[in-house]
Amino acid sequence: MTPKLTVRSNRPHESGIALPMVLLFTLVSSVFAASVLYSLSVHGSIVQDDYNYTRALYVAESGLNRTTEAIWVAYLNQNPLPEVRMTWLDDHFEDYDVVDKPFGGMTGPQGDTYTVTAKRIMRTGLDDERYIVLESTGKALGTHMGDDEEMTERTITKVVRFGHDQSSIFDYVYFINNFGWFHGGTNGDIQSNGDVRANGNFSLNSTPLVNGDVYASENPDIGAAGDILGQGTYDTQTLTEYRNSAEDTWRPTWPEFEFGYDGNTEAYTQRDLLEMPYLGDVTRFEALAAQRNSTLVTADVNISQSTDGPLVLIGTQANPIHIDGPVVVRGDVFITGYVEGQGTIYTDRNLHIVGDLKYVNPPEYDHAEGADPAASQAVNQNADFLGIAARGNVITGDYTASDWAWVKNYMKPSFTKPYTDEDGSQHSGDYTAYDGVKTDGSNRRDYESTWSNAEWAALVQIANQIAGRSGSGAHRPRQIDCLAYTNHLYGGTVEKCKFNGAIISRDEAIGFYNWIDMNFDYRAKAEGEFYIDIDLPKAANASPVIWLEGEYSDWVGKIDALDWDLQHSGS
């Protein structure tokens, strides 16, 4: 039997040491835990403080944006004459100050507030432009280090420009505030010399020739993803080909002209929407016409500034229509023949182009390599320019002719869509619907004029005679020299037609025979305004100029440099 080995300790009190060691470990652990908890608490407070600090900035920015919008809306609703709007700003820019306005808890708890104060208004040297300096303080309600709730404040100062600029929609030979489409019958029967754009998808087929860029825009209101349909199925000319084929009036070339054609065509999809200036009550433009002392003269008409419609404008080579400045017509306009001068016709309803509409002195561009832009500017500064701004529709051709049977299909749903005007009025999108009566009491469709059919037939006959054509298609324009803008529809019939200017509308329903060419009038481009003052609808805007963190008083010296009056007070 193997004996067991038994080990006995000679330290009888060893078992009593364990309790003090446990107590010591517990004490150390408690201190460490307390330290961690304190650290977490401090860190949480820092995070909370950062959150409050950031939120205060957002509150300040939001308050400033809301106040800017309030000023903007009131400014926009004034008479569109720029000087009138600027006078209103001078007198009312402080009316929209707010003090401790509740923010509403959109990004934080109830109790957040903002205070916005308009500190000053400054001139920039331009009569139709002002800078407004706004100071905004955001206050975010929160806790700090576990204490009671307190406010965290941040202040920003922003300089906002209020002004009037020609809308960028006039930079395109074809701009449609809807779906855009170039649909021809055979290859090359559509040609555009200029950029084209739609506030929706842009569809191309039958290989149109596009000497410019193509833009499509995302537009959820009409279900447009901003796609170019048929992309790659259109042609473009090289710069050499363009120069060799260019007519005198065609868009100039690059690099000689800053925005001339460079021989490249780009396709841009999913672009932002461009805001289209809304042409409301045209009588509001009478102030502009009065300021310019505008006139419109023909052999049978002599208008100073404005007149009631309907109005017939007929120009011959011997006695062309002469326009000088903006003119307002409260009603329909029938126009045909030859035109000279520079100005814009604002019409309260439709403008009808029957036969041809030609400049007596059209613009001319030198397309040769190395051409001198200054020479073209000298020539074109006095060249004829006609702008059309129709509150209703721009209609081409004879709407009583048999060829309208198929064109009307593109003037109503489902090809068009219902929409809401900027003034809130509803439009069915059906331009074939009845909307009033003619002079003989018969029903009038939206695309038709106010004249009776008998009166209309007599006017069409005059247009045919001036154009020197007869037969079933004599009424179809073959040349249209003008930049035409309308809130609604540009539609009708044309044949072998050259458009020299631009087509700008919400909907487009142009039915053409044989072919159609569109040539952008380079003088209409916003950046090319130095050529002429064409008085087309301008888009009023408000845009930030400078953003500074801190109170206005901290930045007065920097902002003073923007004040034109201060810089020129001694001159």
# chains A, B, ... in the order shown; residues from 1 in each chain; ligands from 1

call {"tool": "residues_around", "arguments": {"residues": "stretch 389-396 of chain A", "least_positions_apart": "6", "cutoff": "8 Å", "atoms": "only C-alpha atoms", "output": "JSON, numbers by chain"}}
result
{"A": [279, 280, 281, 282, 344, 345, 346, 347, 348, 349, 350, 351, 352, 353, 354, 447, 476, 477, 484, 485, 486, 487, 488, 489, 490, 491, 492, 493, 494, 536, 537]}

call {"tool": "write_last_selection", "arguments": {"atoms": "C-alpha atoms", "output": "mmCIF file, in the first residue's frame"}}
result
data_model
loop_
_atom_site.group_PDB
_atom_site.id
_atom_site.type_symbol
_atom_site.label_atom_id
_atom_site.label_comp_id
_atom_site.auth_asym_id
_atom_site.auth_seq_id
_atom_site.Cartn_x
_atom_site.Cartn_y
_atom_site.Cartn_z
ATOM 1 C CA LEU A 279 -45.111 86.728 -68.296
ATOM 2 C CA GLY A 280 -48.161 87.803 -66.337
ATOM 3 C CA ASP A 281 -50.270 90.910 -66.868
ATOM 4 C CA VAL A 282 -48.490 92.653 -69.761
ATOM 5 C CA THR A 344 -39.907 93.621 -78.146
ATOM 6 C CA ILE A 345 -43.659 93.204 -78.610
ATOM 7 C CA TYR A 346 -45.454 92.170 -75.406
ATOM 8 C CA THR A 347 -48.872 90.786 -76.277
ATOM 9 C CA ASP A 348 -51.670 89.943 -73.877
ATOM 10 C CA ARG A 349 -52.784 86.915 -75.869
ATOM 11 C CA ASN A 350 -51.661 85.175 -79.080
ATOM 12 C CA LEU A 351 -49.202 86.406 -81.668
ATOM 13 C CA HIS A 352 -49.831 85.003 -85.158
ATOM 14 C CA ILE A 353 -47.107 84.820 -87.825
ATOM 15 C CA VAL A 354 -48.502 84.150 -91.292
ATOM 16 C CA TYR A 447 -54.809 78.580 -80.636
ATOM 17 C CA ARG A 476 -46.737 78.583 -94.300
ATOM 18 C CA PRO A 477 -43.791 80.767 -93.230
ATOM 19 C CA ALA A 484 -40.112 84.354 -79.625
ATOM 20 C CA TYR A 485 -41.003 83.640 -75.997
ATOM 21 C CA THR A 486 -44.328 82.368 -74.723
ATOM 22 C CA ASN A 487 -45.699 81.010 -71.459
ATOM 23 C CA HIS A 488 -47.637 78.378 -73.343
ATOM 24 C CA LEU A 489 -47.551 76.991 -76.926
ATOM 25 C CA TYR A 490 -45.366 77.659 -79.942
ATOM 26 C CA GLY A 491 -47.099 75.777 -82.753
ATOM 27 C CA GLY A 492 -48.419 75.764 -86.299
ATOM 28 C CA THR A 493 -47.184 74.943 -89.792
ATOM 29 C CA VAL A 494 -44.064 76.034 -91.713
ATOM 30 C CA LEU A 536 -37.025 90.488 -73.122
ATOM 31 C CA PRO A 537 -38.504 89.196 -69.859
#

call {"tool": "residues_around", "arguments": {"residues": "A:Trp250", "least_positions_apart": "2", "cutoff": "9 Å", "atoms": "only C-alpha atoms", "output": "PDB file with N, CA and C atoms, in the first residue's frame"}}
result
ATOM      1  N   ASN A 193     -28.545  75.304 -85.317  1.00  0.00           N
ATOM      2  CA  ASN A 193     -27.235  75.903 -85.098  1.00  0.00           C
ATOM      3  C   ASN A 193     -27.295  76.664 -83.772  1.00  0.00           C
ATOM      4  N   ALA A 246     -21.672  77.887 -93.462  1.00  0.00           N
ATOM      5  CA  ALA A 246     -22.395  78.881 -92.671  1.00  0.00           C
ATOM      6  C   ALA A 246     -22.877  80.059 -93.513  1.00  0.00           C
ATOM      7  N   GLU A 247     -24.135  80.439 -93.305  1.00  0.00           N
ATOM      8  CA  GLU A 247     -24.664  81.669 -93.884  1.00  0.00           C
ATOM      9  C   GLU A 247     -24.299  82.840 -92.976  1.00  0.00           C
ATOM     10  N   ASP A 248     -24.449  84.054 -93.485  1.00  0.00           N
ATOM     11  CA  ASP A 248     -24.003  85.233 -92.737  1.00  0.00           C
ATOM     12  C   ASP A 248     -24.643  85.335 -91.357  1.00  0.00           C
ATOM     13  N   PRO A 252     -21.873  82.603 -84.731  1.00  0.00           N
ATOM     14  CA  PRO A 252     -20.445  82.723 -85.031  1.00  0.00           C
ATOM     15  C   PRO A 252     -19.642  81.544 -84.477  1.00  0.00           C
ATOM     16  N   PRO A 363     -28.460  90.618 -88.890  1.00  0.00           N
ATOM     17  CA  PRO A 363     -27.074  90.583 -88.396  1.00  0.00           C
ATOM     18  C   PRO A 363     -26.190  89.765 -89.329  1.00  0.00           C
ATOM     19  N   GLU A 364     -24.899  90.034 -89.309  1.00  0.00           N
ATOM     20  CA  GLU A 364     -23.943  89.299 -90.126  1.00  0.00           C
ATOM     21  C   GLU A 364     -22.719  88.963 -89.292  1.00  0.00           C
ATOM     22  N   TYR A 365     -22.190  87.756 -89.487  1.00  0.00           N
ATOM     23  CA  TYR A 365     -21.005  87.319 -88.757  1.00  0.00           C
ATOM     24  C   TYR A 365     -19.957  86.813 -89.743  1.00  0.00           C
ATOM     25  N   HIS A 367     -17.343  84.190 -90.344  1.00  0.00           N
ATOM     26  CA  HIS A 367     -17.063  82.851 -89.826  1.00  0.00           C
ATOM     27  C   HIS A 367     -15.658  82.362 -90.157  1.00  0.00           C
ATOM     28  N   ASN A 500     -34.526  82.380 -87.578  1.00  0.00           N
ATOM     29  CA  ASN A 500     -33.343  83.127 -87.157  1.00  0.00           C
ATOM     30  C   ASN A 500     -33.669  83.854 -85.859  1.00  0.00           C
ATOM     31  N   ASN A 519     -31.556  78.774 -86.334  1.00  0.00           N
ATOM     32  CA  ASN A 519     -30.268  79.426 -86.139  1.00  0.00           C
ATOM     33  C   ASN A 519     -30.353  80.391 -84.967  1.00  0.00           C
ATOM     34  N   PHE A 520     -29.529  80.151 -83.956  1.00  0.00           N
ATOM     35  CA  PHE A 520     -29.541  80.983 -82.747  1.00  0.00           C
ATOM     36  C   PHE A 520     -29.007  82.379 -83.045  1.00  0.00           C
ATOM     37  N   ASP A 521     -29.775  83.394 -82.596  1.00  0.00           N
ATOM     38  CA  ASP A 521     -29.303  84.773 -82.702  1.00  0.00           C
ATOM     39  C   ASP A 521     -28.367  85.031 -81.528  1.00  0.00           C
ATOM     40  N   TYR A 522     -27.101  85.057 -81.830  1.00  0.00           N
ATOM     41  CA  TYR A 522     -26.055  85.154 -80.817  1.00  0.00           C
ATOM     42  C   TYR A 522     -26.229  86.369 -79.908  1.00  0.00           C
TER      43      TYR A 522
END

call {"tool": "atom_distance", "arguments": {"atom1": "atom CA of A:Asp90", "atom2": "atom CA of A:Ile121"}}
result
7.1 Å

call {"tool": "atom_distance", "arguments": {"atom1": "atom CA of A:Ala267", "atom2": "atom CA of A:Phe179"}}
result
15.6 Å

call {"tool": "closest_atom_pairs", "arguments": {"of": "stretch 88-192 of chain A", "to": "stretch 547-556 of chain A", "cutoff": "10 Å", "atoms": "only C-alpha atoms", "output": "CSV"}}
result
residue,atom,partner,partner_atom,distance
A:Thr117,CA,A:Tyr552,CA,9.8
A:Ala118,CA,A:Tyr552,CA,10.0
A:Lys119,CA,A:Tyr552,CA,7.6
A:Arg120,CA,A:Tyr552,CA,9.9
A:Val133,CA,A:Tyr552,CA,8.2
A:Leu134,CA,A:Tyr552,CA,8.0
A:Glu135,CA,A:Tyr552,CA,6.2
A:Ser136,CA,A:Glu551,CA,8.2
A:Thr137,CA,A:Glu551,CA,8.4
A:Arg154,CA,A:Gly550,CA,7.4
A:Thr155,CA,A:Gly550,CA,5.0
A:Ile156,CA,A:Glu549,CA,4.3
A:Thr157,CA,A:Leu548,CA,5.1
A:Lys158,CA,A:Trp547,CA,4.6
A:Val159,CA,A:Trp547,CA,6.7
A:Val160,CA,A:Trp547,CA,9.0

call {"tool": "closest_residue", "arguments": {"among": "A:Gly111, A:Gly188, A:Gly355, A:Gly194", "to": "A:Arg469", "atoms": "only C-alpha atoms"}}
result
A:Gly355

call {"tool": "closest_atom_pairs", "arguments": {"of": "stretch 411-454 of chain A", "to": "stretch 307-322 of chain A", "cutoff": "10 Å", "atoms": "only C-alpha atoms", "output": "CSV"}}
result
residue,atom,partner,partner_atom,distance
A:Ser449,CA,A:Pro310,CA,8.5
A:Thr450,CA,A:Pro310,CA,7.1
A:Trp451,CA,A:Pro310,CA,7.9

call {"tool": "write_last_selection", "arguments": {"atoms": "C-alpha atoms", "output": "PDB file, in the first residue's frame"}}
result
ATOM      1  CA  SER A 449     -57.278  84.579 -82.940  1.00  0.00           C
ATOM      2  CA  THR A 450     -60.125  86.909 -82.007  1.00  0.00           C
ATOM      3  CA  TRP A 451     -60.857  87.852 -85.646  1.00  0.00           C
TER       4      TRP A 451
END

call {"tool": "closest_residue", "arguments": {"among": "A:Gly331, A:Phe93, A:Trp88, A:His475", "to": "A:Thr68", "atoms": "only C-alpha atoms"}}
result
A:Phe93

call {"tool": "residues_around", "arguments": {"residues": "A:Cys482", "least_positions_apart": "2", "cutoff": "10 Å", "atoms": "only C-alpha atoms", "output": "JSON list (two decimals) with C-alpha atoms, in the first residue's frame"}}
result
[["chain", "number", "residue", "atom", "x", "y", "z"],
["A", 339, "VAL", "CA", -39.47, 94.52, -89.87],
["A", 344, "THR", "CA", -39.91, 93.62, -78.15],
["A", 357, "LEU", "CA", -41.31, 87.68, -91.10],
["A", 358, "LYS", "CA", -37.98, 89.10, -92.27],
["A", 359, "TYR", "CA", -35.43, 91.62, -91.08],
["A", 384, "ASP", "CA", -32.56, 94.63, -86.67],
["A", 385, "PHE", "CA", -33.79, 92.62, -83.73],
["A", 386, "LEU", "CA", -37.38, 91.69, -82.89],
["A", 387, "GLY", "CA", -38.33, 90.07, -79.60],
["A", 388, "ILE", "CA", -41.78, 88.57, -79.07],
["A", 479, "GLN", "CA", -38.46, 82.52, -92.86],
["A", 480, "ILE", "CA", -39.10, 83.82, -89.35],
["A", 484, "ALA", "CA", -40.11, 84.35, -79.63],
["A", 485, "TYR", "CA", -41.00, 83.64, -76.00],
["A", 499, "PHE", "CA", -35.88, 80.40, -87.93],
["A", 500, "ASN", "CA", -33.34, 83.13, -87.16],
["A", 501, "GLY", "CA", -33.58, 83.85, -83.43],
["A", 502, "ALA", "CA", -34.89, 81.36, -80.88],
["A", 503, "ILE", "CA", -37.97, 79.33, -79.94],
["A", 520, "PHE", "CA", -29.54, 80.98, -82.75],
["A", 521, "ASP", "CA", -29.30, 84.77, -82.70]]

call {"tool": "select_by_dssp", "arguments": {"residues": "stretch 84-236 of chain A", "states": "strand (DSSP E)", "output": "ChimeraX atom specification"}}
result
/A:98-102,113-123,129-142,150-166,174-176,180-183,190-193,196-198,202-205,209-210,214-219,224-225,228-229

call {"tool": "decode", "arguments": {"residues": "stretch 434-474 of chain A", "atoms": "N, CA and C atoms", "output": "mmCIF file, in the first residue's frame"}}
result
data_model
loop_
_atom_site.group_PDB
_atom_site.id
_atom_site.type_symbol
_atom_site.label_atom_id
_atom_site.label_comp_id
_atom_site.auth_asym_id
_atom_site.auth_seq_id
_atom_site.Cartn_x
_atom_site.Cartn_y
_atom_site.Cartn_z
ATOM 1 N N TYR A 434 -62.011 75.412 -76.409
ATOM 2 C CA TYR A 434 -62.593 76.746 -76.564
ATOM 3 C C TYR A 434 -62.256 77.599 -75.354
ATOM 4 N N ASP A 435 -61.922 78.877 -75.627
ATOM 5 C CA ASP A 435 -61.564 79.755 -74.511
ATOM 6 C C ASP A 435 -62.208 81.136 -74.620
ATOM 7 N N GLY A 436 -63.120 81.333 -75.572
ATOM 8 C CA GLY A 436 -63.761 82.635 -75.732
ATOM 9 C C GLY A 436 -64.512 82.703 -77.039
ATOM 10 N N VAL A 437 -64.778 83.943 -77.503
ATOM 11 C CA VAL A 437 -65.520 84.133 -78.742
ATOM 12 C C VAL A 437 -64.750 85.075 -79.666
ATOM 13 N N LYS A 438 -65.060 84.977 -80.971
ATOM 14 C CA LYS A 438 -64.459 85.843 -81.971
ATOM 15 C C LYS A 438 -65.325 87.090 -82.155
ATOM 16 N N THR A 439 -64.888 87.963 -83.047
ATOM 17 C CA THR A 439 -65.596 89.235 -83.237
ATOM 18 C C THR A 439 -67.016 89.043 -83.757
ATOM 19 N N ASP A 440 -67.281 87.900 -84.412
ATOM 20 C CA ASP A 440 -68.635 87.646 -84.921
ATOM 21 C C ASP A 440 -69.472 86.822 -83.956
ATOM 22 N N GLY A 441 -68.925 86.567 -82.748
ATOM 23 C CA GLY A 441 -69.674 85.823 -81.747
ATOM 24 C C GLY A 441 -69.482 84.324 -81.795
ATOM 25 N N SER A 442 -68.766 83.814 -82.794
ATOM 26 C CA SER A 442 -68.530 82.374 -82.876
ATOM 27 C C SER A 442 -67.485 81.951 -81.845
ATOM 28 N N ASN A 443 -67.479 80.655 -81.531
ATOM 29 C CA ASN A 443 -66.544 80.143 -80.523
ATOM 30 C C ASN A 443 -65.104 80.223 -81.023
ATOM 31 N N ARG A 444 -64.204 80.529 -80.110
ATOM 32 C CA ARG A 444 -62.784 80.664 -80.422
ATOM 33 C C ARG A 444 -61.983 79.621 -79.655
ATOM 34 N N ARG A 445 -61.099 78.917 -80.375
ATOM 35 C CA ARG A 445 -60.208 77.969 -79.718
ATOM 36 C C ARG A 445 -58.971 78.696 -79.192
ATOM 37 N N ASP A 446 -58.291 78.037 -78.262
ATOM 38 C CA ASP A 446 -57.143 78.660 -77.613
ATOM 39 C C ASP A 446 -56.081 79.083 -78.621
ATOM 40 N N TYR A 447 -55.851 78.258 -79.672
ATOM 41 C CA TYR A 447 -54.809 78.580 -80.636
ATOM 42 C C TYR A 447 -55.277 79.587 -81.689
ATOM 43 N N GLU A 448 -56.559 79.881 -81.747
ATOM 44 C CA GLU A 448 -57.095 80.783 -82.758
ATOM 45 C C GLU A 448 -57.015 82.240 -82.301
ATOM 46 N N SER A 449 -57.271 83.146 -83.243
ATOM 47 C CA SER A 449 -57.278 84.579 -82.940
ATOM 48 C C SER A 449 -58.698 85.043 -82.638
ATOM 49 N N THR A 450 -58.824 86.323 -82.305
ATOM 50 C CA THR A 450 -60.125 86.909 -82.007
ATOM 51 C C THR A 450 -60.880 87.313 -83.273
ATOM 52 N N TRP A 451 -60.176 87.466 -84.416
ATOM 53 C CA TRP A 451 -60.857 87.852 -85.646
ATOM 54 C C TRP A 451 -61.803 86.756 -86.131
ATOM 55 N N SER A 452 -62.887 87.156 -86.785
ATOM 56 C CA SER A 452 -63.793 86.174 -87.386
ATOM 57 C C SER A 452 -63.052 85.452 -88.502
ATOM 58 N N ASN A 453 -63.572 84.315 -88.943
ATOM 59 C CA ASN A 453 -62.922 83.557 -90.005
ATOM 60 C C ASN A 453 -62.846 84.357 -91.304
ATOM 61 N N ALA A 454 -63.842 85.166 -91.562
ATOM 62 C CA ALA A 454 -63.820 85.990 -92.780
ATOM 63 C C ALA A 454 -62.726 87.045 -92.684
ATOM 64 N N GLU A 455 -62.621 87.701 -91.543
ATOM 65 C CA GLU A 455 -61.565 88.692 -91.350
ATOM 66 C C GLU A 455 -60.187 88.037 -91.422
ATOM 67 N N TRP A 456 -60.104 86.866 -90.842
ATOM 68 C CA TRP A 456 -58.833 86.133 -90.839
ATOM 69 C C TRP A 456 -58.411 85.769 -92.262
ATOM 70 N N ALA A 457 -59.339 85.303 -93.076
ATOM 71 C CA ALA A 457 -59.025 84.911 -94.453
ATOM 72 C C ALA A 457 -58.472 86.093 -95.244
ATOM 73 N N ALA A 458 -59.010 87.287 -95.011
ATOM 74 C CA ALA A 458 -58.508 88.479 -95.696
ATOM 75 C C ALA A 458 -57.078 88.795 -95.270
ATOM 76 N N LEU A 459 -56.758 88.619 -93.997
ATOM 77 C CA LEU A 459 -55.400 88.871 -93.500
ATOM 78 C C LEU A 459 -54.413 87.852 -94.080
ATOM 79 N N VAL A 460 -54.824 86.593 -94.156
ATOM 80 C CA VAL A 460 -53.958 85.553 -94.728
ATOM 81 C C VAL A 460 -53.650 85.874 -96.186
ATOM 82 N N GLN A 461 -54.638 86.360 -96.922
ATOM 83 C CA GLN A 461 -54.420 86.697 -98.321
ATOM 84 C C GLN A 461 -53.385 87.815 -98.473
ATOM 85 N N ILE A 462 -53.421 88.801 -97.589
ATOM 86 C CA ILE A 462 -52.426 89.875 -97.618
ATOM 87 C C ILE A 462 -51.030 89.316 -97.350
ATOM 88 N N ALA A 463 -50.910 88.428 -96.371
ATOM 89 C CA ALA A 463 -49.612 87.824 -96.044
ATOM 90 C C ALA A 463 -49.066 87.044 -97.229
ATOM 91 N N ASN A 464 -49.944 86.310 -97.936
ATOM 92 C CA ASN A 464 -49.514 85.547 -99.106
ATOM 93 C C ASN A 464 -48.997 86.473 -100.208
ATOM 94 N N GLN A 465 -49.662 87.594 -100.390
ATOM 95 C CA GLN A 465 -49.247 88.541 -101.423
ATOM 96 C C GLN A 465 -47.880 89.143 -101.115
ATOM 97 N N ILE A 466 -47.646 89.505 -99.856
ATOM 98 C CA ILE A 466 -46.359 90.088 -99.472
ATOM 99 C C ILE A 466 -45.244 89.065 -99.636
ATOM 100 N N ALA A 467 -45.531 87.795 -99.317
ATOM 101 C CA ALA A 467 -44.533 86.732 -99.465
ATOM 102 C C ALA A 467 -44.345 86.338 -100.924
ATOM 103 N N GLY A 468 -45.282 86.745 -101.807
ATOM 104 C CA GLY A 468 -45.174 86.416 -103.219
ATOM 105 C C GLY A 468 -45.466 84.966 -103.518
ATOM 106 N N ARG A 469 -46.386 84.372 -102.745
ATOM 107 C CA ARG A 469 -46.706 82.962 -102.940
ATOM 108 C C ARG A 469 -48.218 82.781 -103.097
ATOM 109 N N SER A 470 -48.597 81.672 -103.723
ATOM 110 C CA SER A 470 -50.004 81.327 -103.860
ATOM 111 C C SER A 470 -50.141 79.817 -103.770
ATOM 112 N N GLY A 471 -51.362 79.366 -103.629
ATOM 113 C CA GLY A 471 -51.582 77.927 -103.530
ATOM 114 C C GLY A 471 -51.858 77.498 -102.107
ATOM 115 N N SER A 472 -51.981 76.178 -101.941
ATOM 116 C CA SER A 472 -52.430 75.634 -100.656
ATOM 117 C C SER A 472 -51.442 75.852 -99.514
ATOM 118 N N GLY A 473 -50.146 75.960 -99.830
ATOM 119 C CA GLY A 473 -49.163 76.126 -98.760
ATOM 120 C C GLY A 473 -48.570 77.512 -98.669
ATOM 121 N N ALA A 474 -49.200 78.492 -99.346
ATOM 122 C CA ALA A 474 -48.633 79.846 -99.382
ATOM 123 C C ALA A 474 -48.553 80.479 -97.993
#
